[in-house]
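Worksheet for the structure shown next.
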Amino acid sequence: MQHQLFFREDQTFTITQFTDLHWIDGGTLDQKTRRLMEDVLDAEKPDLVVFTGDVIYTGYVTPGEPGCEQPLEALREAVHAAETRGIPWAVVFGNHDTETMITREDLMQAVLEHPHTVAQRGPSDIHGTGNYALSIQGADGEAAAALYFFDSGNQSPVPDIQGYDWIRSSQIGWYVEASRNLQAENAEQTLPALAFFHIPLPEYKQVWDTEICYGSKHEPVCCAPVNSGLFAAMVERGDVIGTFCGHDHVNDYRGKLHGIELCYGRATGYNTYGKEGFPRGARMIRLREGERNFETWLRLADGTVVSEQAEHAPGE
């Protein structure tokens with residue numbers, strides 16, 4: 001890892017989540033996306049930026065016409081706002097990052113060439129590219145919190161099952177082992193942890209249907225048709241207190257299920273679908289050293305800060 005992450009002297013650690021940039025060619029819409037990111041970073045001055053997938057768009061705009069013809073250049077442009085400010089940044093890949101033109105391995109190699117990234121390729125013997133864990137150091141120089149990153153894939157790997165991919169058993173096994181190792185290294189303390197991935201887990205639908213949530217749901221939860229058990233593993237381990245995804249551009253709600261806050265980001269990119277009256281933005285996350293909770297709010301394109309989102313009761 002090129003950079004260590006530290007809680008500040010005031011015991012806070014602040015993360016900006018950008019999601020679904022869908023960067024294509026640096027045109028007018030991409031420049032609007034960049035300005036939004038620059039404004040957010042200059043206002044919030046976070047300790048870490050996390051891009052939760054679909055950073056670039058390599059799918060087809062029309063049949064036979066890829067959206068992004070220069071994926072490596074698009075990646076450099078997409079992360080420019082964080083990189084040029086010297087802010088450490090992490091990334092997980094989405095379903096559109098490597099549809100055509102480039103592989104996940106080659107895109108991750110390009111990520112790792114940036115001086116300020118804290119992303120890692122992750123173990124080669126488990127599914128996906130970019131499964132990795134980071135720790136945030138406390139005032140005593142010891143790990144005080146953990147961050148887990150998962151490659152949630154693209155399309156279902158089973159021909160008879162239609163829909164999106166799921167986080168595979170090898171990835172879940174890796175997470176459980178990493179979580180246990182971190183606990184063993186820290187005098188058997190269970191450190192508070194956050195998890196980041198692109199495609200929402202099936203529990204995102206469950207939490208909306210069964211618990212009080214805050215924020216908006218303007219489209220279905222486009223999760224995998226198979227529940228592979230990552231959420232159950234997190235509940236059993238007892239470390240993850242919040243998860244953060246993207247993928248569904250006009251959902252931004254959050255709700256707590258079995259002690260874990262399931263959160264959508266706020267879609268950031270203009271080169272993709274949205275909804276009138278639902279401005280682009282970013283989700284902010286703040287951890288406090290020694291506490292097993294976090295604060296979160298949205299910062300929108302016009303500078304508006306949304307800390308109290310509309311409440312949704314089950315069945316409404």
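Residues in the structure tokens are numbered from 1 in each chain, the chains being A, B, ... in the order shown, and ligands are numbered from 1 in the order shown.
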
Based on DSSP run over this structure's backbone, return all residues of range 14-236 of chain A in strand (DSSP E or B), as a ChimeraX atom specification.
-> /A:14-19,23,48-52,56,60-62,65-66,89-92,117,132-137,143-149,155,164,193-196,213-214,217

Which of range 104-315 of chain A counts as alpha helix (DSSP H) under DSSP, as number ranges by chain please?
-> A: 104-112, 169-185, 203-210, 230-237

Determine the nearest neighbour of Gln31 in chain A from the options A:Glu291, A:His80, A:Asp125, A:Lys256, counting only C-alpha atoms.
-> A:His80

What's the 10 Å shell around Gln120 in chain A, counting only C-alpha atoms, without same-chain residues fewer than 2 positions away, as a PyMOL selection string?
-> chain A and resi 1-2+90-92+108-109+111-112+117-118+122-123+129-134+149

Selection above as a file: N, CA and C atoms, as a CSV table (one decimal), in the first residue's frame:
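Resulting contents of again-v5.csv:
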```csv
chain,number,residue,atom,x,y,z
A,1,MET,N,0.8,-1.2,0.0
A,1,MET,CA,0.0,0.0,0.0
A,1,MET,C,0.9,1.2,0.0
A,2,GLN,N,0.6,2.2,-0.9
A,2,GLN,CA,1.4,3.3,-1.0
A,2,GLN,C,1.2,4.4,0.1
A,90,ALA,N,-9.6,5.1,-3.4
A,90,ALA,CA,-9.8,3.7,-3.6
A,90,ALA,C,-10.9,3.5,-4.7
A,91,VAL,N,-10.9,2.3,-5.3
A,91,VAL,CA,-11.9,2.1,-6.3
A,91,VAL,C,-12.3,0.6,-6.3
A,92,VAL,N,-13.6,0.4,-6.6
A,92,VAL,CA,-14.1,-1.0,-7.0
A,92,VAL,C,-14.7,-0.8,-8.3
A,108,MET,N,-7.0,-2.3,-13.7
A,108,MET,CA,-6.4,-2.2,-12.3
A,108,MET,C,-5.0,-1.9,-12.4
A,109,GLN,N,-4.3,-2.4,-13.4
A,109,GLN,CA,-2.8,-2.0,-13.6
A,109,GLN,C,-2.7,-0.5,-13.8
A,111,VAL,N,-4.9,1.7,-12.7
A,111,VAL,CA,-5.2,2.3,-11.4
A,111,VAL,C,-4.0,2.4,-10.5
A,112,LEU,N,-3.2,1.3,-10.5
A,112,LEU,CA,-2.1,1.2,-9.6
A,112,LEU,C,-0.9,2.1,-10.0
A,117,THR,N,-3.3,6.5,-5.3
A,117,THR,CA,-4.3,5.5,-5.1
A,117,THR,C,-3.9,4.6,-3.9
A,118,VAL,N,-4.9,4.1,-3.2
A,118,VAL,CA,-4.7,3.1,-2.1
A,118,VAL,C,-5.3,1.8,-2.5
A,122,GLY,N,-5.5,-7.2,-5.1
A,122,GLY,CA,-6.2,-8.2,-4.3
A,122,GLY,C,-5.6,-9.6,-4.6
A,123,PRO,N,-6.1,-10.6,-3.9
A,123,PRO,CA,-5.6,-12.0,-4.1
A,123,PRO,C,-5.9,-12.5,-5.5
A,129,THR,N,-11.3,-8.9,-9.4
A,129,THR,CA,-10.1,-8.0,-9.4
A,129,THR,C,-10.4,-6.8,-8.5
A,130,GLY,N,-9.6,-6.6,-7.5
A,130,GLY,CA,-9.8,-5.5,-6.6
A,130,GLY,C,-10.6,-5.8,-5.4
A,131,ASN,N,-10.4,-7.0,-4.8
A,131,ASN,CA,-10.9,-7.3,-3.5
A,131,ASN,C,-9.8,-7.1,-2.5
A,132,TYR,N,-9.9,-6.1,-1.6
A,132,TYR,CA,-8.8,-5.7,-0.7
A,132,TYR,C,-9.4,-5.1,0.5
A,133,ALA,N,-8.5,-5.1,1.5
A,133,ALA,CA,-8.9,-4.5,2.8
A,133,ALA,C,-7.8,-3.4,3.2
A,134,LEU,N,-8.3,-2.3,3.8
A,134,LEU,CA,-7.4,-1.2,4.3
A,134,LEU,C,-7.8,-1.0,5.7
A,149,PHE,N,-13.3,-3.8,0.4
A,149,PHE,CA,-13.7,-3.5,-1.0
A,149,PHE,C,-13.9,-4.8,-1.8
```

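Here the question is which of A:Asn181, A:Ser307, A:Thr268, A:Ser156 gets nearest to Phe18 in chain A using only C-alpha atoms, and that residue is A:Thr268.
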
Minimum-distance residue to Val55 in chain A, chosen among A:Glu316, A:Glu73, A:Glu236, A:Glu308 (using only C-alpha atoms) = A:Glu73

Which residues, written as a list in words, have at least one atom at most 9 Å from Gln162 in chain A, with only C-alpha atoms counted and residues fewer than 6 positions away on the same chain left out?
-> Gln155, Ser156, Ala224 and Pro225 of chain A

Exercise: range 37-52 of chain A partners within 9 Å, only C-alpha atoms, chain neighbours under 3 positions left out, as a ChimeraX atom specification = /A:5-8,13-21,32-34,55,79,81-82,85,87-94,196-199,244-247,265,268,281-282,284,299-303

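Residue nearest Glu211 in chain A within the list A:Val158, A:Phe278, A:Glu77, A:His258: A:His258 [criterion: smallest interatomic distance, only C-alpha atoms].
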
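Between Ala78 in chain A and the candidates A:Tyr57, A:Phe231, A:Phe150, A:Phe294, the tightest atom-to-atom separation, counting only C-alpha atoms, involves A:Tyr57.
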
What separation in Å, quoted to one decimal, exists between CA of Leu201 in chain A and CA of Tyr60 in chain A?
-> 25.4 Å

For Arg254 in chain A, please output as a list in words all residues within 8 Å (counting only C-alpha atoms; exclusion window: fewer than 4 positions along the same chain).
-> Cys213, Tyr214, Gly215, Glu261, Leu262, Cys263 and Tyr264 of chain A

Can those selected residues be exported to a file as an mmCIF file, in the first residue's frame so that it contains N, CA, C and O atoms?
```
data_model
loop_
_atom_site.group_PDB
_atom_site.id
_atom_site.type_symbol
_atom_site.label_atom_id
_atom_site.label_comp_id
_atom_site.auth_asym_id
_atom_site.auth_seq_id
_atom_site.Cartn_x
_atom_site.Cartn_y
_atom_site.Cartn_z
ATOM 1 N N CYS A 213 -36.406 3.543 6.390
ATOM 2 C CA CYS A 213 -35.268 3.985 5.585
ATOM 3 C C CYS A 213 -35.330 5.496 5.405
ATOM 4 O O CYS A 213 -36.366 6.128 5.634
ATOM 5 N N TYR A 214 -34.215 6.070 4.990
ATOM 6 C CA TYR A 214 -34.118 7.511 4.791
ATOM 7 C C TYR A 214 -33.578 7.772 3.394
ATOM 8 O O TYR A 214 -32.549 7.222 3.014
ATOM 9 N N GLY A 215 -34.299 8.598 2.637
ATOM 10 C CA GLY A 215 -33.858 8.889 1.286
ATOM 11 C C GLY A 215 -34.883 8.440 0.266
ATOM 12 O O GLY A 215 -36.055 8.205 0.582
ATOM 13 N N GLU A 261 -25.940 -0.698 8.540
ATOM 14 C CA GLU A 261 -26.591 0.349 7.747
ATOM 15 C C GLU A 261 -26.254 0.120 6.272
ATOM 16 O O GLU A 261 -25.085 0.144 5.871
ATOM 17 N N LEU A 262 -27.288 -0.137 5.474
ATOM 18 C CA LEU A 262 -27.124 -0.357 4.042
ATOM 19 C C LEU A 262 -27.369 0.976 3.334
ATOM 20 O O LEU A 262 -28.478 1.522 3.426
ATOM 21 N N CYS A 263 -26.371 1.484 2.638
ATOM 22 C CA CYS A 263 -26.444 2.824 2.064
ATOM 23 C C CYS A 263 -26.178 2.798 0.561
ATOM 24 O O CYS A 263 -25.228 2.151 0.105
ATOM 25 N N TYR A 264 -26.996 3.512 -0.190
ATOM 26 C CA TYR A 264 -26.672 3.843 -1.565
ATOM 27 C C TYR A 264 -25.856 5.129 -1.581
ATOM 28 O O TYR A 264 -26.050 6.015 -0.740
#
```

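Here the question is which of A:Ala143, A:Gln206, A:Trp166, A:Gly53 gets nearest to Asp248 in chain A using only C-alpha atoms, and that residue is A:Gly53.
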
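The spacing separating CA of Ala310 in chain A from CA of Tyr164 in chain A amounts to 29.0 Å.
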
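Omitting Trp23 in chain A and its sequence neighbours fewer than 5 positions away, and counting only C-alpha atoms, the residues within 8 Å are A:Asp30, A:Val55, A:Ile56, A:Tyr57, A:Cys68, A:Ala74, A:Leu75, A:Ala78, A:Gly269, A:Asn271.
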